[in-house]
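What follows is a single structure, written as structure tokens, with notes after it.
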Amino acid sequence: MDMGSAGLSIMLEGSEDLPHIISEGYPFIGVSAVLSLILALSVHPYVSIPFLVLTLYFCFFFRNPRRTIERDPSVILSPADGTVQEVVSLEADEDEFLDGPCNKVVIFMSIFDVHVNRSPMDGVIKLQKYYCGRFRPAYKDEVGFENEHHLIGLENTKTHLRITVKQIAGILARRIVSYVTLDDGLKQGELYGMIRFGSCLEVVMPASVAVQVKAGEKVTGGKTVLGKIGRMSK
């Protein structure tokens with residue numbers, strides 16, 4: 001398949017038919033809202049303000065903004081909102097899913113970023129790993145090995161292009177949420193999981209994919225192009 005010509009055909013797809021607030025946030029929102037109400041009625045309205053603010057923050061954190069995804073098979077999209085922490089050239093894929101040299105893009109998500117994660121390209125999950133580790137700050141270099149993380153390896157069934165996406169929990173994060181499993185198919189921009197309260201993602205792409213971002217750059221999940229694939233044959 002000639003990826004150069006395929007990239008000329010861009011399909012528009014609306015965001016998933018999911019609520020504006022991810023269901024994982026409901027317990028946090030519910031508990032803080034109930035505590036706020038109890039304190040307002042039993043003590044004083046002013047005492048309930050911290051819990052009211054916390055309720056509003058949880059609504060903000062677990063938001064799932066509606067986005068129109070421009071599906072383009074010639075690009076790799078960002079899986080998350082955040083800031084590019086670093087772009088690293090690797091001689092080999094540390095998870096041995098990709099062959100040959102590759103590039104790793106690390107995206108840091110602060111507690112104010114949208115934390116739902118999206119698939120960077122169309123593909124089938126051919127590799128899935130989960131590691132229950134420690135909780136170090138997400139900006140530390142070693143977190144990809146030491147912290148709790150969840151990795152998926154995606155393969156495009158038409159072009160056989162492979163990438164990996166690793167969700168890494170930070171010092172505040174205590175759970176990685178995944179909605180997918182091995183052999184599931186994902187569309188580009190499709191929501192597949194989230195991480196709670198500050199974290200980062202690593203995207204590893206073949207060296208043949210031209211990286212389009214640099215350290216310090218802001219990215220938007222399902223919107224920002226991380227890499228251009230160019231011409232590839234089946």
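Ordering of the structure tokens sets the chain letters (A, B, ...); residue numbers start at 1 within each chain; ligands are numbered from 1 in the order shown.
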Got a sec: who's within 10 Å of Tyr57 (chain A), counting only C-alpha atoms, leaving out chain neighbours fewer than 6 positions off, as a VMD selection string? chain A and resid 28 to 29 51 63 111 to 112
I need the chosen residues saved as a compact mmCIF listing (two decimals), in the first residue's frame, with C-alpha atoms.
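Just written: part-v4.txt:
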# COMPACT_ATOMS: atom_id res chain seq x y z
CA PHE A 28 -14.50 11.02 43.45
CA ILE A 29 -17.15 13.55 42.42
CA PHE A 51 -15.00 20.02 49.31
CA ARG A 63 -13.54 15.61 31.56
CA ILE A 111 -2.93 17.54 36.75
CA PHE A 112 -4.60 20.26 34.65
Quick one: residues within 12 Å of Val53 (chain A), only C-alpha atoms counted, chain neighbours fewer than 3 positions away excluded, as a PyMOL selection string? chain A and resi 29+32-33+35-36+46-50+56-60
Among region 139-219 of chain A, which residues carry a DSSP assignment of helix (DSSP H, G or I), reported as a ChimeraX atom specification? /A:143-146
Could you write those residues out with all heavy atoms, as a PDB file, in the first residue's frame?
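Here's the written file part-v7.pdb:
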ATOM      1  N   VAL A 143      11.111   6.627  35.182  1.00  0.00           N
ATOM      2  CA  VAL A 143       9.746   6.208  35.529  1.00  0.00           C
ATOM      3  C   VAL A 143       9.214   5.138  34.588  1.00  0.00           C
ATOM      4  O   VAL A 143       8.383   4.332  34.975  1.00  0.00           O
ATOM      5  CB  VAL A 143       8.768   7.409  35.570  1.00  0.00           C
ATOM      6  CG1 VAL A 143       9.139   8.355  36.677  1.00  0.00           C
ATOM      7  CG2 VAL A 143       8.697   8.112  34.221  1.00  0.00           C
ATOM      8  N   GLY A 144       9.659   5.147  33.324  1.00  0.00           N
ATOM      9  CA  GLY A 144       9.178   4.159  32.367  1.00  0.00           C
ATOM     10  C   GLY A 144       9.511   2.732  32.759  1.00  0.00           C
ATOM     11  O   GLY A 144       8.876   1.783  32.320  1.00  0.00           O
ATOM     12  N   PHE A 145      10.538   2.567  33.597  1.00  0.00           N
ATOM     13  CA  PHE A 145      10.930   1.241  34.049  1.00  0.00           C
ATOM     14  C   PHE A 145      10.418   0.940  35.451  1.00  0.00           C
ATOM     15  O   PHE A 145      10.079  -0.194  35.768  1.00  0.00           O
ATOM     16  CB  PHE A 145      12.463   1.110  34.038  1.00  0.00           C
ATOM     17  CG  PHE A 145      13.072   1.241  32.668  1.00  0.00           C
ATOM     18  CD1 PHE A 145      13.644   2.433  32.259  1.00  0.00           C
ATOM     19  CD2 PHE A 145      13.060   0.175  31.796  1.00  0.00           C
ATOM     20  CE1 PHE A 145      14.202   2.552  30.999  1.00  0.00           C
ATOM     21  CE2 PHE A 145      13.620   0.280  30.528  1.00  0.00           C
ATOM     22  CZ  PHE A 145      14.200   1.473  30.135  1.00  0.00           C
ATOM     23  N   GLU A 146      10.378   1.944  36.348  1.00  0.00           N
ATOM     24  CA  GLU A 146      10.116   1.712  37.754  1.00  0.00           C
ATOM     25  C   GLU A 146       8.652   1.907  38.148  1.00  0.00           C
ATOM     26  O   GLU A 146       8.168   1.260  39.062  1.00  0.00           O
ATOM     27  CB  GLU A 146      10.991   2.628  38.609  1.00  0.00           C
ATOM     28  CG  GLU A 146      12.484   2.353  38.440  1.00  0.00           C
ATOM     29  CD  GLU A 146      13.325   3.206  39.367  1.00  0.00           C
ATOM     30  OE1 GLU A 146      12.750   3.968  40.161  1.00  0.00           O
ATOM     31  OE2 GLU A 146      14.553   3.107  39.284  1.00  0.00           O
TER      32      GLU A 146
END
Taking only residues of region 181-210 of chain A that have an atom at most 7 Å from an atom of region 79-102 of chain A, what is each one's shortest atom pair and its distance in Å to one decimal, using only C-alpha atoms, in chain and number order, as a tab-separated table?
residue	atom	partner	partner_atom	distance
A:Val204	CA	A:Cys102	CA	6.6
A:Met205	CA	A:Cys102	CA	5.5
A:Pro206	CA	A:Cys102	CA	4.2
A:Ala207	CA	A:Cys102	CA	4.2
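Residues in contact range of Glu202 (chain A), defined as at most 8 Å between only C-alpha atoms, with sequence neighbours fewer than 2 positions away removed, read Lys104, Val105, Val106, Ile107, Thr164, Val165, Lys166, Gln167, Ile168, Cys200 and Val204 of chain A.
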